[in-house]
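A.B. asks: Here it is, the structure, as structure tokens.
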Amino acid sequence: MANEEKPVSASKFATRFHVSRQIIVGDVALLRASGAAIVATARGYVLETNETQTGLISKIAVQHRKEKTEEELRLIIENGGEVLDVIVEHPLYGELTGMLHIKNEQDIHSFIKRYKKSNASLLSELTDGIHLHTIRYSSPIALKKIKEALLAANILYKG
């Protein structure tokens, strides 16, 4: 598990080390608080390394109905991006961020499957579909392609 590239769930760690899931969650929280570069995603924990941190990073503003979520993610991935997170501005709590780390078609499929199974709301549903994504991409040309694709699909927020 030390060299895992895919997220590892707290349950998987708990089984491996013969402790409860709650112990793992608490220990990871302490590690993160002390500065460890561990990212908690809906699929599990990911250790951020220099290798996983390469590329350019930008935030893009988008707006769409929940039915366009899969299309939005696919357009970003197909045009050379990785969706790191989703960010909304909540009237009570301020900025809320959900870690995604969606890099490929399988990640999109997994996210959509979990979303449909969970009966949970998307963060963007709190803000009339307006949200930000932090994306990682290889070049300014890739970012341009991503924005053009989202604009053509009427997903890129125009204000």
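Labeling convention for the structure tokens: chains A, B, ... as they appear, residues from 1 per chain, ligands from 1 in order of appearance.
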Can you tell me, as a short mmCIF file (atom, residue, chain, number, x, y, z; two decimals) with N, CA, C and O atoms, in the first residue's frame, what residues are no more than 6 Å from region 150-157 of chain A when counting only C-alpha atoms, ignoring any on the same chain fewer than 3 positions away?
C.D. replies:
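Wrote it out as part.cif, contents follow:
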```cif
data_model
loop_
_atom_site.label_atom_id
_atom_site.label_comp_id
_atom_site.auth_asym_id
_atom_site.auth_seq_id
_atom_site.Cartn_x
_atom_site.Cartn_y
_atom_site.Cartn_z
N ALA A 61 -14.40 28.81 -13.51
CA ALA A 61 -15.77 28.98 -13.01
C ALA A 61 -16.73 28.37 -14.02
O ALA A 61 -16.62 28.62 -15.23
N VAL A 62 -17.64 27.57 -13.51
CA VAL A 62 -18.62 26.89 -14.35
C VAL A 62 -20.01 26.99 -13.73
O VAL A 62 -20.13 27.26 -12.54
N GLN A 63 -21.02 26.75 -14.56
CA GLN A 63 -22.40 26.69 -14.06
C GLN A 63 -23.18 25.74 -14.94
O GLN A 63 -23.14 25.85 -16.17
N HIS A 64 -23.87 24.82 -14.30
CA HIS A 64 -24.71 23.87 -15.03
C HIS A 64 -25.63 23.14 -14.07
O HIS A 64 -25.43 23.17 -12.86
N LYS A 147 -11.35 25.33 -21.79
CA LYS A 147 -12.31 26.44 -21.72
C LYS A 147 -13.18 26.51 -22.96
O LYS A 147 -14.38 26.76 -22.87
#
```
A.B. asks: Going by DSSP on the backbone, which bits of chain A are alpha helix (DSSP H)? Write them as a VMD selection string, please.
C.D. replies: chain A and resid 10 to 17 21 to 33 69 to 78 105 to 118 140 to 152
A.B. asks: So that I can check the surroundings of Leu126 (chain A), please list as a list of chain:residue names every protein, DNA and RNA residue that reaches within 10 Å of it, counting only C-alpha atoms and ignoring chain neighbours fewer than 2 positions away.
C.D. replies: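 Answer for this query is A:Val88, A:Glu89, A:His90, A:Pro91, A:Ser121, A:Leu122, A:Leu123, A:Ser124, A:Asp128, A:Gly129, A:Ile130, A:His131.
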A.B. asks: Extract, using only C-alpha atoms, all DNA, RNA and protein residues at most 7 Å from Met99 (chain A), discarding same-chain residues fewer than 3 positions from it, and format them as a CSV table (one decimal) with N, CA, C and O atoms, in the first residue's frame.
C.D. replies:
```csv
chain,number,residue,atom,x,y,z
A,40,ALA,N,-7.5,13.9,1.2
A,40,ALA,CA,-8.7,13.0,1.4
A,40,ALA,C,-9.7,13.2,0.3
A,40,ALA,O,-10.1,14.3,0.1
A,41,THR,N,-9.9,12.1,-0.5
A,41,THR,CA,-10.9,12.2,-1.5
A,41,THR,C,-12.1,11.3,-1.1
A,41,THR,O,-12.0,10.5,-0.2
A,84,LEU,N,-9.1,18.6,-9.8
A,84,LEU,CA,-8.6,18.4,-8.5
A,84,LEU,C,-9.7,18.5,-7.4
A,84,LEU,O,-9.7,17.8,-6.4
A,85,ASP,N,-10.6,19.5,-7.6
A,85,ASP,CA,-11.6,19.7,-6.6
A,85,ASP,C,-12.8,20.5,-7.1
A,85,ASP,O,-12.8,20.9,-8.3
A,86,VAL,N,-13.8,20.7,-6.3
A,86,VAL,CA,-14.9,21.5,-6.6
A,86,VAL,C,-15.0,22.5,-5.4
A,86,VAL,O,-14.9,22.1,-4.3
```
A.B. asks: To one decimal in Å, tell me the separation between CA of Lys66 (chain A) and CA of Ala120 (chain A).
C.D. replies: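 A separation of 11.7 Å between them.
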A.B. asks: Region 2-136 of chain A: which residues are strand (DSSP E or B) by DSSP, as a count of residues only?
C.D. replies: 43
A.B. asks: Write out as a ChimeraX atom specification the residues lying within 10 Å of Ile102 (chain A), counting only C-alpha atoms and excluding same-chain residues fewer than 2 positions away.
C.D. replies: /A:41,73-74,76-77,81-85,99-100,104-111,135
A.B. asks: At a cut-off of 8 Å, using only C-alpha atoms, what residues contact Ser138 (chain A)? Leave out same-chain residues fewer than 2 positions from it and give the result as a ChimeraX atom specification.
C.D. replies: /A:55-56,80-81,136,140,142
A.B. asks: Between A:Arg16, A:His133, A:Arg43, A:Lys103, which is the closest to Lys59 (chain A) once you count only C-alpha atoms?
C.D. replies: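 Counting only C-alpha atoms, the residue closest to Lys59 (chain A) is A:His133.
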A.B. asks: May I ask for the distance between CA of Glu125 (chain A) and CA of Thr97 (chain A), given in Å to one decimal place?
C.D. replies: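 Rounded to one decimal, the two atoms are 13.4 Å apart.
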A.B. asks: With a distance cut-off of 8 Å and only C-alpha atoms, select the neighbouring residues of Ile38 (chain A), excluding the residue or stretch itself and same-chain residues fewer than 3 positions from it, and output the selection as an MDAnalysis selection string.
C.D. replies: chainID A and resid 28 31:32 45:48
A.B. asks: Taking only C-alpha atoms into account, which of A:Thr69, A:Ile24, A:Ser34, A:Asn79 comes nearest Val8 (chain A)?
C.D. replies: A:Ile24
